[in-house]
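One structure below.
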Amino acid sequence: MQERSSNTWPLLSDPTSRAIDWIKDYWKDKGLMEVKYFELRSQLETCLADGIPLLVTDIDVQALAKDDRFKNVLIQRPKFIRENVAFKLMVGDHEVECEPKFRLYLHTATEPYLVPHELASNVGIIYFHLSRPDIEEELLDRFMRMEKSRIEDERTTLMLEKMENMQFLEKIEKQMRDLLSSDVRLMNDLSATKKLAELKKQYDETVESQARVESNELSIMKAREGYRSVAQRGAVCFDTSQYLRELNPLYQTSFRQFLDIYDAAISHSERAAVKAVVERLTYSSYVTTARALLERDRTIYALVLSIEVEESMGNMGMGEREFLVSPSFGTILMSALGKTQTDSKIVQTKKPFDWMLDEAFQSLQILAIHYEWSQDMFDRMSKDGRETQWRNLCESDAPEVATLPDKMDDVFLPMQRLLVIRAVRPDRLMQASSVFITSVLGKKYIGDIGVDLPLILRQSDPVTPILLMYSDESETAETLFTDFASRKQSRTRILTISDSSSEKLARKFLHKGMSEGLWILLHNAHNSPHLLHSLETILAEVEDQNIDAQFRCWISVQAHADKLPIRLLQTTVKVLVDSPKVMKDNMIRAFSWVDADILKQSSRPEWPALLHNICYLHGTLRLRARFNRGGWNKPQEFLHLGNNELFEALALAITEFRDNLTTIGQDGQPISRNTSWNGMRFMLSEVIYGSYITDPYDQQSLSAIVDYWISPNATKKDFELARLKYKHPPAFFSSHVRLNALMQALEGIPNHFLDAPEACHLHQSSETLLGDDQYVFSRLNQVFDSMPQSTTLKHKLFPRPPTPFSGPPLAQVSAQSNNPQVVNMGVFASASFAAMKMKKEIELWELCHVTLPKVPKAYSRDYVSERIKKIGGNTPFNMFLMKELELIHTLLTEIKQTLQAIKTATELTVFGDQLPPRLVSAADDLYHMKVPRVWCELAGSTAPPPTLQLASWLTDLSNRCQHFERLLLLGREKMPAYWLGAFFNPRGLLALLKQDSYKHHSVDRSGTVEPFVFQTEITARDKDHLRDPPQEGMFVFGIYIWGCAWEKTTGELMDAAPRHGCTALPVVHITCWPQSEKPILQDPGRAAETYACPIYHSRIAKRERIMDMDVRRENITATRWALRGLTATIRPY
């Protein structure tokens, strides 16, 4: 039909690679030639010349759009339909005589919306996709054929018999009609009457037989329906895995891969109950898919799978998915669908309890307004005796497992309970989701899956490679391979691929491995893309009978979608070997490298506890990096920590803790010695982990963490991690320590318990956020958007199929969604689209018209020159001031010019394609109420976070201009205090202070002057009360401290309240001293308590230190603040 009705060649978009077999079967007798796109050489010209149909598979649509060989062939498709004789076409750089009988079929696993426009305009895209009900029927038929063949044979026999009966009935009916319509008079013709009676008898017998067949068929169908739950679950598992491509193109699963899982799960099912088969199928499918996902995406997959399983069982309601993503999204959708209660009593209900947060009450109210099942609970909330129940839930440390008020746990479905917890405690959304997954699927669907190489080996065969993917830890893939091969006593060869030139050697290795039964590892194979494209062909070059059954091809690659062919991902057994970043899973994975021999290395009772501490230390360094700059100044340096560092740390511990520890004495004889804790700490902090660190403050924090965990006190039974109240599991102090018992003890740690700031010695603040909820639920929304509409999933706000779009992630997943640390971890999906549409529409003209008067007036150069002359002329300070004024003049001028240009363009109705890209970008940002990026680039390190309102930033600019105005009026001699945040380059201001100190101290000295350092004193004074500058040094203000609070009355550091942001400090007095004469360092006690707190521009700017500020508290060592990663900024963000 496509051939007769279309003037374009078909491009089959087939993400599950099912259409290839269909096309090959369709053309099986017509000489179809099949070739992979990356192996295409002269086949196109040959087929064109000979009129042979050509199937090109595994096409990269981006490459095809630029491929000159296909350009004319695609455009000239009508010629192949119209012409009857051969004609000539340019193919690439040469001419080919083409037969009109030639037919071209293009196949890609790419989604239709990813096909480039220039290609889509010249081909007919056919989306080859099966719906979930169709997959269910296909899987049910497959189950019956494989496991219930007798019933299926009976059903087939009955269908044939039914068809024969229908044909016989039709034949008899025709004979009866012919007889009755003839001229024969039945009353006078006995033979005709007898014949009619015989036909009637045959008809009745056939009808009776048909009724018997239908009755038997009905009973068989009932028996068949008894196994539908298996097929239904299989369809849910496969269909759900397909939508993961929305998260990452790496997540490819072909239908053939899934059928292998399905067949293995249902084999021998006659000996198991249907429920057991369903559970086995679900877990096999989950493990196979999830082990190839990045860590955070596994949570999304488990959550989507749980929700779709509940939906298949009829336990989901309309709008519940949307409420889970964001309550505001839920209410927008339900209102659009008309699913709103008209009862004004619910709408007008006031918050019944003062202690309840407004956000929690509003979310519960939304539930009651739009979801009928929650109305009774909401109505009874204000009744007597309910306050205690609600308070226990809302203020519980673990509300996800707390009892719901009014015994609603007995009434609510798992999803309904999750939505209630989501309403009252959005900060526990990840934990509540884990409980939901556990209640629907089971506990084993939570947490790390582990790298089960024996299972992976069983799922592979000599022509099905094993793909070991990694993000950063390439050495882990090689270590896993060599250790597993050693345990299996398999002979191995490892070839490290450095570039495309290694392909010839790889082919030689593979042929040798196939003939001799070797295990071949192609290490870092992503360095040769052509090898990955050709691998399937290379493995198919040798006849099956000539391949040794022991042969296996292992491939280690970096997990980047643009480096890995889709075909490779759909024909290999995949696993991601990265170490988990979740703290509990990381410790379990780390302990999996500890074998029984390591446990036997020492008989000391604290040895298991030390192994625990090393694994914890390894995990906590990575956890701290997940908090971004809230944990380390350069977190990227810690994200690359892998198993090599862990192995070195374990080897160091074995060296220092083995029994009969000795050293060489002065006489050359071995003498016993004690464990060197200082030596271990030095090696860990300076060599093993410290070798990666380039920031001195990160090094200081690392040393403090190592000192905390690697000490005799940290290996005691009663040792407890401060504030988190985490202790070693009791199994680590058992008299008979067994590795399995230690692993089980670690698995008993509650999920997400250790993924807290306190677990890595940070203070819980507004910026110590992992952003997991923002990442997971905005992408969950993205997955739902890609699913087809159903009875419980509606795309009313954004009909499918969508036009790809992008924008800021505005969905309010949690109260911290707009925090600069996590806002960009989300993605723009329909919840963000709905939030954007709900915002008040503001015309750009109105915005520019209102904003222009608010932009501070830039100083003229004449005015600045005049004021500079009055306050001392071209002194170093005044020259520094002039440079600052020039920078702010450039910024303010750009702001005014941009606003005026956009305003003028809107007045003249100039279209965006007629404006320079710089103005279009600024207009787009202004429309979304953001500070334009072009302004942020000019602002440099003073640029605001992406979530700061434009009006707030303009107010800040105005305050900075007022500060400069005061400087121009008073001059340096009379300026009482300086606002560091007003300057583009505050280090220049401090350099002037240091310069003056050099001059002052060099009057009475000669020779080399030692380095000068700052000493700071946090005063109790307020900037508004200062009238005169200090006699020595300078007063500065506008410094914000992160990680603790400042008690004004006592003038001491103290712990801040949880989720508290930064604390503004009072005026700070800065003086400059020679390094050896700094007063605070003269007293050793005070020096040990003084922490050099670095001051930066902001938390989001590049980490360039402005200066160090001295902070201390009586009787508290400086390492406490190093553990916290205490820092300061000159801006409150």
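Ligands are numbered from 1 in the order shown, residues from 1 within each chain, and chains are lettered A, B, ... in the order they appear in the structure tokens.
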
List the neighbours of Glu937 of chain A out to 12 Å using only C-alpha atoms; skip same-chain residues closer than 2 positions along the sequence, and give me the result as a VMD selection string.
-> chain A and resid 890 to 891 894 to 895 918 922 931 to 935 939 to 944 1101

DSSP strand (DSSP E) residues within segment 1001-1127 of chain A, listed as number ranges by chain | A: 1012-1018, 1034-1037, 1040-1042, 1045-1047, 1052-1054, 1063-1064, 1068-1074, 1090-1096, 1107-1112, 1127

All residues 9 Å or closer to Ala1045 of chain A, only C-alpha atoms, same chain fewer than 4 positions away omitted, as number ranges by chain = A: 1041, 1052-1057, 1060, 1062-1065

Leaving out Asp585 of chain A and any residue of its chain fewer than 4 positions from it, which residues lie within 7 Å of it when counting only C-alpha atoms, given as an MDAnalysis selection string?
-> chainID A and resid 447:448 580 589

How would the residues just chosen look if you wrote them out with C-alpha atoms as a short mmCIF file (atom, residue, chain, number, x, y, z; two decimals), in the first residue's frame?
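That gives us out-v4.cif:
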```cif
data_model
loop_
_atom_site.label_atom_id
_atom_site.label_comp_id
_atom_site.auth_asym_id
_atom_site.auth_seq_id
_atom_site.Cartn_x
_atom_site.Cartn_y
_atom_site.Cartn_z
CA GLY A 447 18.83 -0.47 46.05
CA ASP A 448 21.82 -1.72 44.13
CA PRO A 580 27.05 3.07 43.40
CA ARG A 589 29.57 -2.97 46.87
#
```

Can you tell me, as number ranges by chain, what residues are no more than 12 Å from Ser860 of chain A when counting only C-alpha atoms, ignoring any on the same chain fewer than 5 positions away?
-> A: 865-867, 882, 885-886, 888-890, 892-893

I need the chosen residues saved as a compact mmCIF listing (two decimals), in the first residue's frame, with N, CA and C atoms.
```txt
# COMPACT_ATOMS: atom_id res chain seq x y z
N SER A 865 35.46 61.64 36.73
CA SER A 865 36.76 62.32 36.73
C SER A 865 36.77 63.50 37.70
N GLU A 866 35.67 64.23 37.73
CA GLU A 866 35.58 65.38 38.63
C GLU A 866 35.63 64.94 40.08
N ARG A 867 34.88 63.87 40.42
CA ARG A 867 34.86 63.41 41.81
C ARG A 867 36.22 62.83 42.22
N MET A 882 38.03 53.66 39.76
CA MET A 882 37.65 54.02 38.40
C MET A 882 37.44 52.77 37.53
N LEU A 885 34.08 51.32 38.45
CA LEU A 885 32.99 52.13 37.89
C LEU A 885 32.87 51.92 36.39
N GLU A 886 33.97 51.68 35.72
CA GLU A 886 33.92 51.42 34.28
C GLU A 886 33.21 50.10 34.00
N ILE A 888 30.92 48.57 35.92
CA ILE A 888 29.49 48.67 36.18
C ILE A 888 28.80 49.57 35.16
N HIS A 889 29.55 50.56 34.61
CA HIS A 889 29.00 51.40 33.55
C HIS A 889 28.71 50.56 32.30
N THR A 890 29.63 49.66 31.96
CA THR A 890 29.44 48.79 30.79
C THR A 890 28.22 47.89 30.98
N LEU A 892 25.54 48.36 33.06
CA LEU A 892 24.28 49.12 33.06
C LEU A 892 23.92 49.60 31.66
N THR A 893 24.92 49.98 30.87
CA THR A 893 24.65 50.42 29.50
C THR A 893 24.08 49.27 28.67
```

List every residue of segment 549-626 of chain A that DSSP, applied to the backbone, labels as alpha helix (DSSP H), and write the result as a compact mmCIF listing (two decimals) with all heavy atoms, in the first residue's frame.
```
# COMPACT_ATOMS: atom_id res chain seq x y z
N ILE A 566 23.14 1.56 18.35
CA ILE A 566 21.91 1.00 18.92
C ILE A 566 21.88 -0.51 18.71
O ILE A 566 21.44 -1.26 19.59
CB ILE A 566 20.68 1.67 18.30
CG1 ILE A 566 20.62 3.15 18.71
CG2 ILE A 566 19.40 0.96 18.70
CD1 ILE A 566 19.48 3.92 18.09
N ARG A 567 22.34 -0.96 17.54
CA ARG A 567 22.33 -2.40 17.25
C ARG A 567 23.15 -3.17 18.27
O ARG A 567 22.77 -4.27 18.70
CB ARG A 567 22.88 -2.65 15.84
CG ARG A 567 22.85 -4.09 15.40
CD ARG A 567 21.44 -4.60 15.22
NE ARG A 567 21.42 -5.98 14.75
CZ ARG A 567 20.33 -6.70 14.64
NH1 ARG A 567 19.15 -6.17 14.95
NH2 ARG A 567 20.37 -7.94 14.21
N LEU A 568 24.30 -2.61 18.68
CA LEU A 568 25.13 -3.27 19.69
C LEU A 568 24.38 -3.38 21.01
O LEU A 568 24.41 -4.42 21.67
CB LEU A 568 26.43 -2.48 19.88
CG LEU A 568 27.40 -3.04 20.92
CD1 LEU A 568 28.10 -4.28 20.38
CD2 LEU A 568 28.43 -1.99 21.33
N LEU A 569 23.68 -2.32 21.39
CA LEU A 569 22.94 -2.32 22.65
C LEU A 569 21.79 -3.30 22.62
O LEU A 569 21.37 -3.82 23.67
CB LEU A 569 22.40 -0.91 22.94
CG LEU A 569 23.47 0.17 23.19
CD1 LEU A 569 22.85 1.55 23.16
CD2 LEU A 569 24.18 -0.06 24.51
N GLN A 570 21.25 -3.60 21.41
CA GLN A 570 20.11 -4.49 21.30
C GLN A 570 20.49 -5.94 21.06
O GLN A 570 19.60 -6.80 21.01
CB GLN A 570 19.20 -4.02 20.17
CG GLN A 570 18.51 -2.69 20.46
CD GLN A 570 17.46 -2.35 19.43
OE1 GLN A 570 17.41 -2.94 18.36
NE2 GLN A 570 16.60 -1.39 19.75
N THR A 571 21.77 -6.22 20.95
CA THR A 571 22.20 -7.60 20.69
C THR A 571 23.22 -8.11 21.70
O THR A 571 23.81 -9.17 21.49
CB THR A 571 22.81 -7.71 19.28
OG1 THR A 571 23.89 -6.77 19.15
CG2 THR A 571 21.77 -7.44 18.21
N MET A 583 25.00 5.85 49.46
CA MET A 583 25.96 5.48 50.51
C MET A 583 25.84 4.01 50.93
O MET A 583 26.84 3.28 50.99
CB MET A 583 25.73 6.40 51.71
CG MET A 583 26.78 6.30 52.77
SD MET A 583 28.36 6.93 52.21
CE MET A 583 29.32 6.75 53.69
N LYS A 584 24.63 3.57 51.21
CA LYS A 584 24.45 2.19 51.65
C LYS A 584 24.91 1.21 50.58
O LYS A 584 25.65 0.27 50.85
CB LYS A 584 22.98 1.95 52.00
CG LYS A 584 22.63 0.50 52.28
CD LYS A 584 21.13 0.32 52.45
CE LYS A 584 20.75 -1.15 52.50
NZ LYS A 584 19.30 -1.34 52.63
N ASP A 585 24.48 1.44 49.33
CA ASP A 585 24.85 0.54 48.24
C ASP A 585 26.34 0.59 47.97
O ASP A 585 26.94 -0.44 47.62
CB ASP A 585 24.08 0.93 46.97
CG ASP A 585 22.58 0.76 47.13
OD1 ASP A 585 22.17 -0.02 48.01
OD2 ASP A 585 21.82 1.41 46.40
N ASN A 586 26.95 1.76 48.14
CA ASN A 586 28.39 1.89 47.94
C ASN A 586 29.15 1.06 48.95
O ASN A 586 30.13 0.39 48.62
CB ASN A 586 28.79 3.36 48.02
CG ASN A 586 30.25 3.58 47.68
OD1 ASN A 586 31.13 3.39 48.52
ND2 ASN A 586 30.51 3.97 46.45
N MET A 587 28.70 1.08 50.21
CA MET A 587 29.37 0.29 51.24
C MET A 587 29.22 -1.21 50.97
O MET A 587 30.18 -1.98 51.14
CB MET A 587 28.80 0.64 52.61
CG MET A 587 29.22 2.01 53.12
SD MET A 587 28.57 2.33 54.78
CE MET A 587 29.42 1.08 55.73
N ILE A 588 28.03 -1.61 50.54
CA ILE A 588 27.82 -3.04 50.25
C ILE A 588 28.69 -3.46 49.08
O ILE A 588 29.32 -4.53 49.11
CB ILE A 588 26.32 -3.30 49.96
CG1 ILE A 588 25.49 -3.07 51.22
CG2 ILE A 588 26.11 -4.71 49.43
CD1 ILE A 588 24.00 -3.14 51.01
N ARG A 589 28.73 -2.64 48.02
CA ARG A 589 29.57 -2.97 46.87
C ARG A 589 31.04 -3.00 47.27
O ARG A 589 31.80 -3.86 46.82
CB ARG A 589 29.33 -1.96 45.75
CG ARG A 589 30.14 -2.21 44.48
CD ARG A 589 29.60 -3.38 43.67
NE ARG A 589 28.32 -3.06 43.11
CZ ARG A 589 28.12 -2.44 41.96
NH1 ARG A 589 29.16 -2.07 41.23
NH2 ARG A 589 26.90 -2.22 41.49
N ALA A 590 31.47 -2.03 48.10
CA ALA A 590 32.87 -2.01 48.55
C ALA A 590 33.20 -3.25 49.36
O ALA A 590 34.28 -3.85 49.21
CB ALA A 590 33.13 -0.74 49.37
N PHE A 591 32.26 -3.66 50.22
CA PHE A 591 32.52 -4.84 51.05
C PHE A 591 32.49 -6.12 50.22
O PHE A 591 33.03 -7.15 50.65
CB PHE A 591 31.50 -4.93 52.19
CG PHE A 591 32.15 -4.98 53.54
CD1 PHE A 591 32.48 -3.82 54.21
CD2 PHE A 591 32.46 -6.20 54.13
CE1 PHE A 591 33.10 -3.86 55.45
CE2 PHE A 591 33.09 -6.26 55.36
CZ PHE A 591 33.41 -5.08 56.03
N SER A 592 31.86 -6.07 49.04
CA SER A 592 31.86 -7.26 48.20
C SER A 592 33.26 -7.59 47.68
O SER A 592 33.52 -8.72 47.26
CB SER A 592 30.89 -7.07 47.02
OG SER A 592 31.39 -6.09 46.13
N ALA A 596 37.08 -13.61 52.19
CA ALA A 596 37.36 -14.28 53.48
C ALA A 596 38.84 -14.20 53.82
O ALA A 596 39.21 -14.13 55.01
CB ALA A 596 36.89 -15.73 53.41
N ASP A 597 39.71 -14.21 52.83
CA ASP A 597 41.16 -14.14 53.10
C ASP A 597 41.53 -12.81 53.76
O ASP A 597 42.40 -12.77 54.64
CB ASP A 597 41.95 -14.31 51.80
CG ASP A 597 41.84 -15.73 51.26
OD1 ASP A 597 41.55 -16.63 52.06
OD2 ASP A 597 42.03 -15.91 50.04
N ILE A 598 40.90 -11.72 53.32
CA ILE A 598 41.19 -10.42 53.93
C ILE A 598 40.74 -10.41 55.39
O ILE A 598 41.42 -9.88 56.27
CB ILE A 598 40.51 -9.30 53.14
CG1 ILE A 598 41.16 -9.17 51.75
CG2 ILE A 598 40.59 -7.96 53.89
CD1 ILE A 598 40.54 -8.10 50.87
N LEU A 599 39.58 -11.01 55.67
CA LEU A 599 39.11 -11.06 57.06
C LEU A 599 40.06 -11.85 57.96
O LEU A 599 40.16 -11.57 59.15
CB LEU A 599 37.72 -11.71 57.12
CG LEU A 599 36.51 -10.81 56.88
CD1 LEU A 599 35.24 -11.62 56.94
CD2 LEU A 599 36.47 -9.69 57.90
N TRP A 607 39.59 -5.31 63.86
CA TRP A 607 39.88 -5.43 62.43
C TRP A 607 38.62 -5.31 61.54
O TRP A 607 38.60 -4.52 60.59
CB TRP A 607 40.62 -6.73 62.18
CG TRP A 607 40.87 -7.09 60.75
CD1 TRP A 607 40.49 -8.23 60.11
CD2 TRP A 607 41.58 -6.32 59.76
NE1 TRP A 607 40.90 -8.23 58.80
CE2 TRP A 607 41.57 -7.06 58.55
CE3 TRP A 607 42.21 -5.07 59.77
CZ2 TRP A 607 42.16 -6.61 57.38
CZ3 TRP A 607 42.80 -4.61 58.60
CH2 TRP A 607 42.77 -5.36 57.43
N PRO A 608 37.52 -6.02 61.83
CA PRO A 608 36.31 -5.85 61.00
C PRO A 608 35.78 -4.41 61.04
O PRO A 608 35.31 -3.89 60.02
CB PRO A 608 35.30 -6.84 61.61
CG PRO A 608 36.15 -7.86 62.31
CD PRO A 608 37.32 -7.09 62.83
N ALA A 609 35.87 -3.78 62.22
CA ALA A 609 35.39 -2.39 62.33
C ALA A 609 36.24 -1.45 61.49
O ALA A 609 35.73 -0.50 60.88
CB ALA A 609 35.39 -1.94 63.79
N LEU A 610 37.55 -1.71 61.41
CA LEU A 610 38.42 -0.87 60.59
C LEU A 610 38.08 -1.04 59.10
O LEU A 610 38.05 -0.06 58.35
CB LEU A 610 39.89 -1.22 60.83
CG LEU A 610 40.89 -0.41 59.99
CD1 LEU A 610 40.87 1.06 60.39
CD2 LEU A 610 42.30 -0.97 60.10
N LEU A 611 37.81 -2.30 58.69
CA LEU A 611 37.39 -2.52 57.31
C LEU A 611 36.10 -1.76 57.01
O LEU A 611 35.94 -1.17 55.94
CB LEU A 611 37.20 -4.02 57.05
CG LEU A 611 38.46 -4.89 57.09
CD1 LEU A 611 38.09 -6.36 56.89
CD2 LEU A 611 39.45 -4.45 56.02
N HIS A 612 35.19 -1.77 57.96
CA HIS A 612 33.94 -1.00 57.82
C HIS A 612 34.26 0.48 57.65
O HIS A 612 33.69 1.16 56.79
CB HIS A 612 33.06 -1.23 59.05
CG HIS A 612 31.93 -0.24 59.17
ND1 HIS A 612 32.10 1.03 59.71
CD2 HIS A 612 30.63 -0.32 58.82
CE1 HIS A 612 30.94 1.67 59.68
NE2 HIS A 612 30.03 0.88 59.15
N ASN A 613 35.16 1.00 58.47
CA ASN A 613 35.49 2.43 58.43
C ASN A 613 36.13 2.82 57.10
O ASN A 613 35.88 3.91 56.57
CB ASN A 613 36.41 2.79 59.58
CG ASN A 613 35.69 2.77 60.92
OD1 ASN A 613 34.51 2.45 60.99
ND2 ASN A 613 36.39 3.09 61.98
N ILE A 614 36.97 1.94 56.55
CA ILE A 614 37.61 2.24 55.27
C ILE A 614 36.56 2.30 54.17
O ILE A 614 36.56 3.20 53.33
CB ILE A 614 38.70 1.20 54.96
CG1 ILE A 614 39.90 1.40 55.90
CG2 ILE A 614 39.14 1.28 53.50
CD1 ILE A 614 40.96 0.36 55.77
N CYS A 615 35.63 1.34 54.18
CA CYS A 615 34.56 1.34 53.18
C CYS A 615 33.65 2.56 53.37
O CYS A 615 33.20 3.17 52.39
CB CYS A 615 33.74 0.05 53.26
SG CYS A 615 34.66 -1.43 52.79
N TYR A 616 33.41 2.92 54.63
CA TYR A 616 32.58 4.10 54.90
C TYR A 616 33.29 5.37 54.44
O TYR A 616 32.68 6.25 53.83
CB TYR A 616 32.26 4.19 56.40
CG TYR A 616 31.21 5.23 56.72
CD1 TYR A 616 29.88 4.86 56.92
CD2 TYR A 616 31.53 6.58 56.81
CE1 TYR A 616 28.91 5.81 57.20
CE2 TYR A 616 30.57 7.53 57.08
CZ TYR A 616 29.27 7.15 57.29
OH TYR A 616 28.30 8.09 57.56
N LEU A 617 34.59 5.44 54.74
CA LEU A 617 35.38 6.60 54.32
C LEU A 617 35.35 6.75 52.80
O LEU A 617 35.15 7.85 52.28
CB LEU A 617 36.82 6.45 54.82
CG LEU A 617 37.83 7.47 54.30
CD1 LEU A 617 37.52 8.85 54.85
CD2 LEU A 617 39.25 7.06 54.68
N HIS A 618 35.52 5.65 52.10
CA HIS A 618 35.51 5.68 50.64
C HIS A 618 34.16 6.19 50.13
O HIS A 618 34.10 7.00 49.19
CB HIS A 618 35.76 4.26 50.11
CG HIS A 618 35.86 4.18 48.62
ND1 HIS A 618 36.97 4.58 47.93
CD2 HIS A 618 34.96 3.74 47.68
CE1 HIS A 618 36.77 4.38 46.63
NE2 HIS A 618 35.56 3.88 46.46
N GLY A 619 33.08 5.74 50.76
CA GLY A 619 31.75 6.16 50.34
C GLY A 619 31.44 7.60 50.70
O GLY A 619 30.80 8.32 49.94
N THR A 620 31.90 8.04 51.86
CA THR A 620 31.53 9.38 52.32
C THR A 620 32.23 10.46 51.50
O THR A 620 31.68 11.56 51.33
CB THR A 620 31.85 9.54 53.82
OG1 THR A 620 31.08 10.61 54.35
CG2 THR A 620 33.31 9.83 54.07
N LEU A 621 33.41 10.17 50.96
CA LEU A 621 34.08 11.14 50.09
C LEU A 621 33.28 11.36 48.81
O LEU A 621 33.15 12.48 48.33
CB LEU A 621 35.50 10.67 49.76
CG LEU A 621 36.45 10.49 50.95
CD1 LEU A 621 37.82 10.03 50.47
CD2 LEU A 621 36.57 11.77 51.76
N ARG A 622 32.71 10.26 48.26
CA ARG A 622 31.88 10.36 47.06
C ARG A 622 30.53 11.00 47.38
O ARG A 622 30.00 11.78 46.59
CB ARG A 622 31.69 8.99 46.44
CG ARG A 622 32.96 8.41 45.84
CD ARG A 622 32.82 6.92 45.58
NE ARG A 622 31.74 6.61 44.67
CZ ARG A 622 31.88 6.42 43.35
NH1 ARG A 622 33.09 6.52 42.82
NH2 ARG A 622 30.86 6.12 42.59
N LEU A 623 29.98 10.67 48.55
CA LEU A 623 28.70 11.27 48.95
C LEU A 623 28.83 12.77 49.09
O LEU A 623 27.97 13.54 48.64
CB LEU A 623 28.22 10.65 50.27
CG LEU A 623 26.98 11.31 50.90
CD1 LEU A 623 25.77 11.14 49.98
CD2 LEU A 623 26.70 10.71 52.27
N ARG A 624 29.92 13.20 49.68
CA ARG A 624 30.13 14.63 49.87
C ARG A 624 30.22 15.35 48.53
O ARG A 624 29.77 16.49 48.39
CB ARG A 624 31.41 14.84 50.68
CG ARG A 624 31.55 16.21 51.31
CD ARG A 624 32.65 16.16 52.35
NE ARG A 624 32.99 17.48 52.82
CZ ARG A 624 33.09 17.82 54.10
NH1 ARG A 624 32.83 16.93 55.03
NH2 ARG A 624 33.42 19.04 54.45
N ALA A 625 30.77 14.67 47.52
CA ALA A 625 30.87 15.27 46.19
C ALA A 625 29.49 15.42 45.56
O ALA A 625 29.28 16.30 44.72
CB ALA A 625 31.77 14.41 45.30
N ARG A 626 28.53 14.57 45.95
CA ARG A 626 27.18 14.67 45.40
C ARG A 626 26.47 15.94 45.88
O ARG A 626 25.50 16.38 45.25
CB ARG A 626 26.36 13.44 45.79
CG ARG A 626 26.80 12.16 45.12
CD ARG A 626 25.99 10.98 45.60
NE ARG A 626 24.58 11.14 45.26
CZ ARG A 626 23.60 10.48 45.87
NH1 ARG A 626 23.87 9.64 46.85
NH2 ARG A 626 22.35 10.66 45.50
```

Segment 369-379 of chain A: which residues within 7 Å, counting only C-alpha atoms, same-chain residues fewer than 5 positions away excluded, as JSON, numbers by chain?
-> {"A": [331, 334, 339, 340, 341, 346]}

With all heavy atoms retained, export the selected residues as a compact mmCIF listing (two decimals), in the first residue's frame.
```
# COMPACT_ATOMS: atom_id res chain seq x y z
N THR A 331 -3.66 19.43 40.22
CA THR A 331 -4.88 20.25 40.28
C THR A 331 -5.17 20.93 38.94
O THR A 331 -6.33 21.07 38.55
CB THR A 331 -4.78 21.29 41.41
OG1 THR A 331 -6.05 21.91 41.58
CG2 THR A 331 -3.75 22.36 41.14
N MET A 334 -6.67 18.04 36.67
CA MET A 334 -8.01 17.61 37.09
C MET A 334 -9.03 18.71 36.84
O MET A 334 -10.19 18.44 36.50
CB MET A 334 -7.99 17.20 38.55
CG MET A 334 -7.14 15.97 38.84
SD MET A 334 -7.69 14.47 38.01
CE MET A 334 -8.95 13.95 39.16
N LYS A 339 -12.75 17.32 36.74
CA LYS A 339 -12.85 16.43 37.90
C LYS A 339 -12.63 17.23 39.18
O LYS A 339 -11.65 17.05 39.90
CB LYS A 339 -11.80 15.32 37.79
CG LYS A 339 -11.91 14.49 36.53
CD LYS A 339 -13.16 13.64 36.50
CE LYS A 339 -13.20 12.77 35.26
NZ LYS A 339 -14.43 11.94 35.22
N THR A 340 -13.56 18.13 39.48
CA THR A 340 -13.43 18.99 40.65
C THR A 340 -14.72 18.92 41.45
O THR A 340 -15.83 18.99 40.89
CB THR A 340 -13.18 20.45 40.21
OG1 THR A 340 -12.01 20.48 39.39
CG2 THR A 340 -12.97 21.34 41.42
N GLN A 341 -14.58 18.78 42.77
CA GLN A 341 -15.75 18.74 43.65
C GLN A 341 -16.34 20.15 43.79
O GLN A 341 -15.62 21.12 43.97
CB GLN A 341 -15.36 18.21 45.04
CG GLN A 341 -14.87 16.76 45.02
CD GLN A 341 -15.92 15.80 44.55
OE1 GLN A 341 -17.10 15.96 44.85
NE2 GLN A 341 -15.52 14.80 43.76
N ILE A 346 -15.22 22.10 51.37
CA ILE A 346 -13.82 21.68 51.29
C ILE A 346 -12.94 22.86 50.86
O ILE A 346 -11.88 23.10 51.42
CB ILE A 346 -13.67 20.51 50.30
CG1 ILE A 346 -14.44 19.29 50.81
CG2 ILE A 346 -12.21 20.17 50.08
CD1 ILE A 346 -14.43 18.12 49.86
```

Residues at most 7 Å from segment 952-961 of chain A, counting only C-alpha atoms, excluding those fewer than 5 positions away in the same chain, as JSON, numbers by chain?
-> {"A": [855, 856, 982]}

What does the file look like for those residues with N, CA and C atoms, as a compact mmCIF listing (two decimals), in the first residue's frame?
```
# COMPACT_ATOMS: atom_id res chain seq x y z
N VAL A 855 16.38 50.57 36.19
CA VAL A 855 17.81 50.36 35.97
C VAL A 855 18.58 51.57 36.49
N PRO A 856 19.54 51.38 37.38
CA PRO A 856 20.29 52.52 37.92
C PRO A 856 20.97 53.34 36.82
N ALA A 982 29.91 44.68 46.64
CA ALA A 982 29.66 45.73 45.64
C ALA A 982 30.70 45.71 44.54
```
